[in-house]
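Chemist: Provided below: target.txt, containing compact mmCIF, C-alpha atoms.
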```txt
# COMPACT_ATOMS: atom_id res chain seq x y z
CA MET A 1 0.00 0.00 0.00
CA ASN A 2 1.30 3.46 -0.88
CA LEU A 3 0.70 5.70 2.11
CA ALA A 4 2.88 8.61 0.98
CA TYR A 5 1.60 11.96 2.15
CA LYS A 6 -1.78 10.85 3.29
CA VAL A 7 -3.38 14.01 4.74
CA LEU A 8 -4.97 13.66 8.18
CA VAL A 9 -7.66 15.71 9.91
CA PHE A 10 -6.43 18.37 12.33
CA GLN A 11 -7.90 20.91 14.68
CA SER A 12 -5.53 23.71 13.66
CA GLU A 13 -4.00 25.23 10.55
CA LEU A 14 -0.82 26.09 12.46
CA TRP A 15 0.54 22.56 12.16
CA TYR A 16 0.64 19.93 9.44
CA CYS A 17 1.82 16.35 9.04
CA ALA A 18 1.43 13.54 6.55
CA GLU A 19 1.47 9.79 7.05
CA VAL A 20 4.37 8.41 5.03
CA ALA A 21 4.81 4.81 6.17
CA GLU A 22 3.13 1.91 7.91
CA VAL A 23 4.58 -1.52 8.71
CA ASP A 24 2.77 -4.53 10.12
CA SER A 25 4.42 -6.63 12.82
CA CYS A 26 1.23 -8.28 14.07
CA SER A 27 2.96 -11.66 14.23
CA ASN A 28 5.13 -10.23 17.04
CA GLY A 29 2.19 -8.92 19.09
CA ASP A 30 1.85 -5.46 20.59
CA VAL A 31 4.51 -2.85 19.93
CA LEU A 32 5.61 -2.11 23.51
CA SER A 33 8.41 0.41 23.06
CA LEU A 34 9.85 2.70 20.38
CA LEU A 35 13.21 4.47 20.48
CA HIS A 36 14.71 6.84 17.89
CA HIS A 37 18.49 7.14 17.75
CA LYS A 38 20.86 8.32 15.01
CA GLY A 39 18.68 7.62 12.01
CA ARG A 40 17.31 4.36 13.38
CA VAL A 41 14.11 3.36 15.13
CA TYR A 42 14.24 0.47 17.58
CA SER A 43 11.01 -1.35 18.43
CA SER A 44 10.33 -3.97 21.08
CA HIS A 45 7.42 -6.39 20.94
CA ALA A 46 5.19 -8.61 23.05
CA ASP A 47 6.89 -11.82 21.90
CA GLY A 48 10.34 -10.62 23.02
CA THR A 49 11.50 -9.49 19.58
CA ILE A 50 13.54 -6.32 19.06
CA LYS A 51 13.66 -4.79 15.58
CA VAL A 52 16.00 -2.23 14.06
CA TRP A 53 14.59 0.05 11.35
CA ASP A 54 16.34 2.37 8.94
CA VAL A 55 14.23 5.52 8.79
CA ALA A 56 16.16 7.44 6.15
CA LYS A 57 14.11 8.86 3.29
CA ARG A 58 11.01 8.89 5.52
CA LYS A 59 10.51 5.15 5.29
CA LEU A 60 10.68 2.19 7.68
CA ARG A 61 13.10 -0.39 6.29
CA LEU A 62 13.78 -3.42 8.46
CA LEU A 63 17.51 -3.95 9.10
CA GLN A 64 17.42 -6.55 11.86
CA GLU A 65 14.99 -8.71 13.79
CA ILE A 66 16.34 -10.48 16.87
CA ARG A 67 14.60 -12.41 19.62
CA LEU A 68 16.71 -13.22 22.68
CA HIS A 69 14.18 -12.28 25.37
CA ALA A 70 11.99 -15.25 26.33
CA LYS A 71 9.00 -13.03 27.11
CA ALA A 72 7.76 -9.56 26.19
CA ALA A 73 10.46 -6.91 25.70
CA THR A 74 8.69 -4.13 27.56
CA CYS A 75 11.11 -1.21 27.40
CA LEU A 76 14.14 0.23 25.62
CA CYS A 77 16.58 3.00 26.47
CA VAL A 78 19.93 4.17 25.14
CA ALA A 79 23.04 5.09 27.11
CA PRO A 80 24.15 8.75 27.15
CA SER A 81 27.23 7.65 25.19
CA GLY A 82 24.93 6.63 22.35
CA ASP A 83 26.61 3.32 21.62
CA ILE A 84 24.75 1.04 24.04
CA LEU A 85 21.10 -0.04 24.05
CA TYR A 86 19.34 -1.50 27.09
CA SER A 87 16.20 -3.65 27.01
CA GLY A 88 13.99 -4.84 29.86
CA SER A 89 11.66 -7.81 29.73
CA LEU A 90 9.02 -9.82 31.52
CA ASP A 91 11.54 -12.68 31.43
CA LYS A 92 13.22 -10.99 34.43
CA THR A 93 16.31 -9.90 32.54
CA ILE A 94 17.94 -6.69 31.34
CA ARG A 95 20.03 -7.05 28.20
CA VAL A 96 22.89 -4.80 27.15
CA TRP A 97 23.37 -4.36 23.39
CA GLU A 98 26.13 -2.80 21.32
CA ILE A 99 24.80 -0.45 18.65
CA SER A 100 26.44 -0.54 15.23
CA SER A 101 25.42 1.14 11.99
CA GLU A 102 23.28 -1.77 10.78
CA GLU A 103 22.41 -3.89 13.81
CA ILE A 104 22.60 -4.48 17.54
CA ARG A 105 24.67 -7.20 19.19
CA SER A 106 23.98 -8.68 22.62
CA LEU A 107 26.87 -8.03 25.02
CA GLU A 108 25.45 -8.99 28.41
CA VAL A 109 22.34 -10.44 30.02
CA HIS A 110 21.56 -9.62 33.64
CA GLU A 111 19.17 -11.72 35.72
CA VAL A 112 17.29 -9.30 37.96
CA LYS A 113 14.80 -11.76 39.54
CA GLU A 114 11.71 -9.69 38.71
CA SER A 115 9.85 -8.73 35.56
CA VAL A 116 10.90 -5.34 34.19
CA TYR A 117 8.04 -2.98 33.31
CA ALA A 118 9.91 0.33 33.04
CA LEU A 119 13.64 0.99 32.70
CA THR A 120 16.20 3.76 32.60
CA ALA A 121 19.93 3.06 32.59
CA ASN A 122 23.47 4.25 31.98
CA SER A 123 26.92 2.68 32.29
CA ASP A 124 26.84 2.94 36.09
CA VAL A 125 23.34 1.91 37.04
CA ALA A 126 20.01 0.54 35.86
CA CYS A 127 16.79 1.64 37.53
CA PHE A 128 13.69 -0.40 36.85
CA ALA A 129 10.12 -0.86 38.01
CA SER A 130 8.56 -4.26 38.59
CA HIS A 131 5.24 -5.54 39.95
CA VAL A 132 6.06 -4.54 43.55
CA THR A 133 5.95 -1.06 45.06
CA GLY A 134 8.97 1.18 44.69
CA PHE A 135 11.71 0.38 42.20
CA LYS A 136 15.09 -1.32 41.94
CA ILE A 137 18.58 0.15 41.58
CA TYR A 138 21.04 -2.23 39.96
CA ASN A 139 24.74 -1.39 39.57
CA TRP A 140 25.28 -4.14 37.00
CA SER A 141 26.47 -6.65 39.59
CA GLY A 142 25.16 -8.34 42.71
CA VAL A 143 21.57 -8.03 43.88
CA PRO A 144 19.37 -5.06 42.85
CA ARG A 145 18.70 -2.64 45.69
CA HIS A 146 15.04 -2.01 46.46
CA VAL A 147 13.93 1.59 46.99
CA ASN A 148 10.62 1.37 48.81
CA MET A 149 8.24 4.28 48.46
CA SER A 150 4.91 2.48 49.18
CA LYS A 151 3.72 3.33 45.65
CA HIS A 152 3.71 1.43 42.38
CA VAL A 153 5.99 3.02 39.80
CA ARG A 154 4.43 3.42 36.33
CA SER A 155 7.20 5.42 34.64
CA ILE A 156 10.81 6.28 35.37
CA ALA A 157 13.43 8.77 34.14
CA ILE A 158 16.98 9.67 35.15
CA VAL A 159 19.13 12.78 34.83
CA GLY A 160 22.48 13.09 36.57
CA ASP A 161 22.25 11.51 40.01
CA LYS A 162 18.47 11.95 40.30
CA VAL A 163 15.76 9.44 39.40
CA TYR A 164 12.15 10.50 38.90
CA CYS A 165 9.31 8.02 39.32
CA GLY A 166 5.75 8.50 38.12
CA CYS A 167 3.48 6.60 40.50
CA ASN A 168 -0.06 5.68 41.35
CA GLY A 169 -1.77 8.26 43.49
CA TYR A 170 -0.76 10.84 40.86
CA ALA A 171 2.59 11.40 42.55
CA ILE A 172 6.11 11.99 41.27
CA GLN A 173 8.92 10.87 43.56
CA GLU A 174 12.54 12.07 43.33
CA VAL A 175 15.32 9.72 44.44
CA ASP A 176 18.91 10.80 45.05
CA LEU A 177 21.21 8.02 43.82
CA LEU A 178 24.05 9.19 46.06
CA SER A 179 22.17 9.16 49.35
CA PHE A 180 19.22 6.91 48.35
CA THR A 181 16.83 9.43 49.88
CA VAL A 182 13.30 9.74 48.55
CA SER A 183 11.37 13.00 48.38
CA THR A 184 8.03 13.98 46.89
CA PHE A 185 8.54 16.05 43.75
CA TYR A 186 4.82 16.45 43.11
CA SER A 187 1.68 15.18 44.80
CA GLY A 188 -1.73 15.22 43.13
CA SER A 189 -5.13 16.08 44.51
CA ARG A 190 -6.67 13.92 47.22
CA LYS A 191 -9.66 12.88 45.09
CA LEU A 192 -9.65 9.18 44.13
CA LEU A 193 -5.88 9.00 44.45
CA GLY A 194 -5.77 5.24 44.15
CA LYS A 195 -7.20 5.40 40.62
CA GLN A 196 -4.88 8.13 39.34
CA ASN A 197 -1.50 7.41 37.75
CA ILE A 198 1.47 9.20 36.24
CA ASN A 199 1.91 6.99 33.17
CA ALA A 200 4.74 8.80 31.39
CA LEU A 201 7.75 10.96 32.26
CA TYR A 202 10.04 12.78 29.83
CA ILE A 203 13.01 14.99 30.68
CA HIS A 204 14.03 17.66 28.17
CA GLU A 205 16.11 20.83 28.52
CA GLY A 206 15.75 21.15 32.28
CA ARG A 207 12.06 20.36 32.39
CA LEU A 208 10.11 17.31 33.50
CA TYR A 209 7.03 16.48 31.43
CA ALA A 210 4.49 14.22 33.13
CA GLY A 211 1.37 12.65 31.66
CA GLY A 212 -1.31 10.49 33.24
CA THR A 213 -4.90 10.32 34.35
CA SER A 214 -7.10 13.23 33.34
CA ILE A 215 -8.38 15.02 36.44
CA ASP A 216 -10.75 17.95 36.10
CA GLY A 217 -9.70 18.38 32.46
CA VAL A 218 -5.93 18.26 33.06
CA ALA A 219 -3.96 15.10 32.17
CA GLY A 220 -0.37 16.28 32.41
CA ARG A 221 1.98 18.91 33.75
CA VAL A 222 5.35 20.49 33.02
CA PHE A 223 7.81 21.23 35.83
CA SER A 224 11.14 22.99 36.16
CA LEU A 225 13.67 20.49 37.49
CA SER A 226 15.69 23.19 39.21
CA ASN A 227 12.96 24.47 41.53
CA ARG A 228 10.01 22.08 40.96
CA ALA A 229 7.86 24.98 39.77
CA LEU A 230 4.85 24.18 37.61
CA THR A 231 5.40 25.82 34.21
CA GLY A 232 2.55 24.38 32.14
CA SER A 233 -0.25 21.83 31.92
CA PHE A 234 -2.00 19.71 29.30
CA SER A 235 -5.70 20.53 29.24
CA THR A 236 -7.40 17.40 27.90
CA HIS A 237 -10.12 15.04 29.07
CA THR A 238 -8.31 11.93 27.79
CA ASP A 239 -5.70 10.07 29.86
CA ILE A 240 -2.12 10.44 28.60
CA GLN A 241 -0.18 7.19 28.13
CA GLN A 242 3.03 8.37 26.39
CA VAL A 243 4.93 11.65 26.01
CA SER A 244 7.56 12.54 23.40
CA ILE A 245 9.17 15.85 22.46
CA ASN A 246 11.09 17.43 19.59
CA ASN A 247 12.50 20.93 19.15
CA ASP A 248 9.14 22.67 18.92
CA TYR A 249 6.32 20.34 19.93
CA ILE A 250 5.13 17.96 22.62
CA PHE A 251 3.27 14.81 21.59
CA THR A 252 0.94 12.97 23.97
CA SER A 253 -0.91 9.77 23.16
CA THR A 254 -3.96 8.00 24.53
CA LYS A 255 -5.14 4.41 24.55
CA CYS A 256 -8.06 5.29 22.30
CA GLY A 257 -5.86 5.98 19.27
CA ILE A 258 -5.43 9.76 19.48
CA ILE A 259 -2.14 11.69 19.48
CA GLU A 260 -2.42 15.30 20.62
CA VAL A 261 0.15 17.90 19.56
CA TRP A 262 1.15 20.83 21.79
CA LEU A 263 3.40 23.84 21.37
CA LYS A 264 6.40 23.18 23.60
CA GLU A 265 6.87 26.69 24.91
CA ARG A 266 3.38 27.13 26.33
CA ALA A 267 1.79 23.64 26.23
CA SER A 268 -1.13 24.79 24.08
CA LYS A 269 -2.79 22.22 21.85
CA VAL A 270 -2.52 22.81 18.11
CA ALA A 271 -3.55 19.51 16.52
CA SER A 272 -4.64 15.92 16.96
CA ILE A 273 -3.99 12.77 14.94
CA LYS A 274 -6.31 9.77 14.77
CA VAL A 275 -4.21 6.62 14.53
CA GLY A 276 -5.49 3.50 12.78
CA GLY A 277 -8.98 4.87 12.40
CA GLY A 278 -9.17 5.20 16.17
CA ASN A 279 -9.68 1.45 16.73
CA ALA A 280 -6.19 0.38 17.87
CA LYS A 281 -4.62 1.31 21.19
CA ILE A 282 -1.43 3.34 20.98
CA THR A 283 1.16 1.42 22.99
CA ALA A 284 4.38 3.28 22.09
CA MET A 285 5.37 6.62 20.56
CA VAL A 286 8.55 8.53 19.75
CA ALA A 287 9.49 11.71 17.88
CA ASP A 288 12.90 12.36 16.38
CA GLY A 289 14.73 15.22 18.04
CA HIS A 290 15.06 17.26 14.86
CA GLY A 291 11.33 17.75 14.41
CA GLU A 292 11.04 15.86 11.13
CA MET A 293 9.26 12.60 12.04
CA LEU A 294 6.82 11.03 14.50
CA TYR A 295 6.34 7.28 15.05
CA ALA A 296 3.60 5.37 16.87
CA GLY A 297 3.21 1.68 17.66
CA SER A 298 -0.10 0.05 18.47
CA SER A 299 -1.77 -2.96 20.03
CA ASP A 300 -2.36 -4.49 16.60
CA GLY A 301 1.39 -4.69 15.94
CA LYS A 302 1.58 -1.81 13.48
CA ILE A 303 4.10 1.03 13.41
CA GLN A 304 3.08 4.23 11.64
CA ALA A 305 5.27 7.17 10.65
CA TRP A 306 4.38 10.79 9.93
CA ALA A 307 6.46 13.49 8.30
CA LEU A 308 6.19 16.77 10.19
CA ASP A 309 6.29 19.46 7.52
```
Write the structure described by the file as structure tokens, please.
Modeler:
Amino acid sequence: MNLAYKVLVFQSELWYCAEVAEVDSCSNGDVLSLLHHKGRVYSSHADGTIKVWDVAKRKLRLLQEIRLHAKAATCLCVAPSGDILYSGSLDKTIRVWEISSEEIRSLEVHEVKESVYALTANSDVACFASHVTGFKIYNWSGVPRHVNMSKHVRSIAIVGDKVYCGCNGYAIQEVDLLSFTVSTFYSGSRKLLGKQNINALYIHEGRLYAGGTSIDGVAGRVFSLSNRALTGSFSTHTDIQQVSINNDYIFTSTKCGIIEVWLKERASKVASIKVGGGNAKITAMVADGHGEMLYAGSSDGKIQAWALD
């Protein structure tokens, strides 16, 4: 099927995009994670497969398909150095991969004793969330250290020696990796706290972007990392599942197949995209940092790409 420059329906004339590619990986199950890095998109899938895609020329060309995880590969992240990829899985392992121009190569596999649902890592430490409350800090040897915060962690991000955890109860916890102290970065309203979650965290240029349950018409917030000040909010009645950012825009996605587009500087909504006719659940999303492309993975195993013109 030729999907080049298929025009979508938007709520604003200030922003435009066109669907340029769609690939079907339904045989691998849900697309659980997407990562863009140096002209490649990495996808992880419900059957444990990781795929490497060449995204030059606004296409998705499969370079490699590898399945070493025994269960779902739930999350991907890249080291600050840019040459190492980390993957977490329900098979209770974290794998370390070397990134080359055409493929990834498994370097290490770490048994961490619990299923990995969310992961952030660098050469010194891996921080991951499992089915229990709190999260684990793993220094690539020995037994992972449990940081107990009496909340279930839904999302996790790291910058410097600080880890930020999006939790149930609509809370964000900050953990100092040097002292292992836990403090509350943000606490939500007291109404129905048990049913409210911070599903996604994204750190960009000194700000923390958080998305989750919609409460009184607000489903996400933007904070300054330096002083924890609230600098913006996402006014929407739909729960936010993923957040991604490029130079100019913020992208938030929902389970019901809608991606909303916001101006980065003031978090005002300029457009929305209906993915897959609105029938599939969006399970992963990533934008390239240069502002040229947006990618979304769904529960039906498809990955779609849009050119941002």
Chemist: Kindly provide, as number ranges by chain, the polymer residues lying within 7 Å of (7.7, 14.6, 32.3), counting only C-alpha atoms and using the coordinates exactly as they appear in the file.
Modeler: A: 200-203, 208-211, 222
Chemist: Calculated over all atoms listed in the file, which of the candidates A:Asn199, A:Ser87, A:Ser214, A:Asn227 has the smallest distance to A:Leu35?
Modeler: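 Under the stated criterion, the closest residue is A:Ser87.
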Chemist: What's the separation between atom CA of A:Leu178 and atom CA of A:Cys75, in Å to one decimal place?
Modeler: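 Distance between the two atoms: 25.0 Å.
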Chemist: Would you list the contacts of A:Lys71 as a PyMOL selection string, taking every protein, DNA or RNA residue within 7 Å and counting all atoms listed in the file, but skipping same-chain residues closer than 4 positions in sequence?
Modeler: chain A and resi 47-48+89-91
Chemist: So, with all atoms listed in the file as the atoms that count, which of A:Ile104, A:Leu34, A:Val96, A:Cys17 lies closest to A:Lys302?
Modeler: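 Of A:Ile104, A:Leu34, A:Val96, A:Cys17, the one nearest A:Lys302, counting all atoms listed in the file, is A:Leu34.
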Chemist: Under the rule that only C-alpha atoms are counted, which of A:Asp239, A:Cys167, A:Met285, A:Ser299 is the nearest residue to A:Val41?
Modeler: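 Among the listed residues, the smallest separation from A:Val41 belongs to A:Met285.
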Chemist: Would you compute the distance between atom CA of A:Gly169 and atom CA of A:Tyr186? Give it in Å to one decimal.
Modeler: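 We find that atom CA of A:Gly169 and atom CA of A:Tyr186 lie 10.5 Å from each other.
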Chemist: Quick one: pull the distance between atom CA of A:Asp176 and atom CA of A:Phe135, Å, one decimal.
Modeler: 13.0 Å
Chemist: Return the single residue from A:Val23, A:Leu62, A:Ile240, A:Ile259 that is closest to A:Val275, with distances computed using all atoms listed in the file.
Modeler: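 Ranking A:Val23, A:Leu62, A:Ile240, A:Ile259 by distance to A:Val275, first place goes to A:Ile259.
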Chemist: The residues within 10 Å of (13.1, -5.9, 19.0), using only C-alpha atoms and the coordinates of the file, should be reported as a PyMOL selection string; which are they?
Modeler: chain A and resi 28+31-34+42-53+64-69+72-76+87+104
Chemist: With distances taken over only C-alpha atoms, which of A:Cys127, A:Ser224, A:Phe234, A:His290 is nearest to A:Asp248?
Modeler: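 Nearest to A:Asp248: A:His290.
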Chemist: Determine the nearest neighbour of A:Leu294 from the options A:Ile99, A:Ala126, A:Ala307, A:Ala56, counting only C-alpha atoms.
Modeler: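 Closest to A:Leu294 of all the choices is A:Ala307.
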Chemist: Would you mind listing what lies within 7 Å of A:Gly166 as a list of chain:residue names, with only C-alpha atoms counted and same-chain residues fewer than 6 positions away left out?
Modeler: A:Val153, A:Arg154, A:Ser155, A:Ile156, A:Ile172, A:Gln173, A:Ile198, A:Asn199, A:Ala200, A:Leu201
Chemist: So that I can see what lies close to A:Ala305, please list as a PyMOL selection string the residues with an atom at most 6 Å from it, counting only C-alpha atoms and leaving out residues fewer than 2 positions away in the same chain.
Modeler: chain A and resi 19-21+294-295
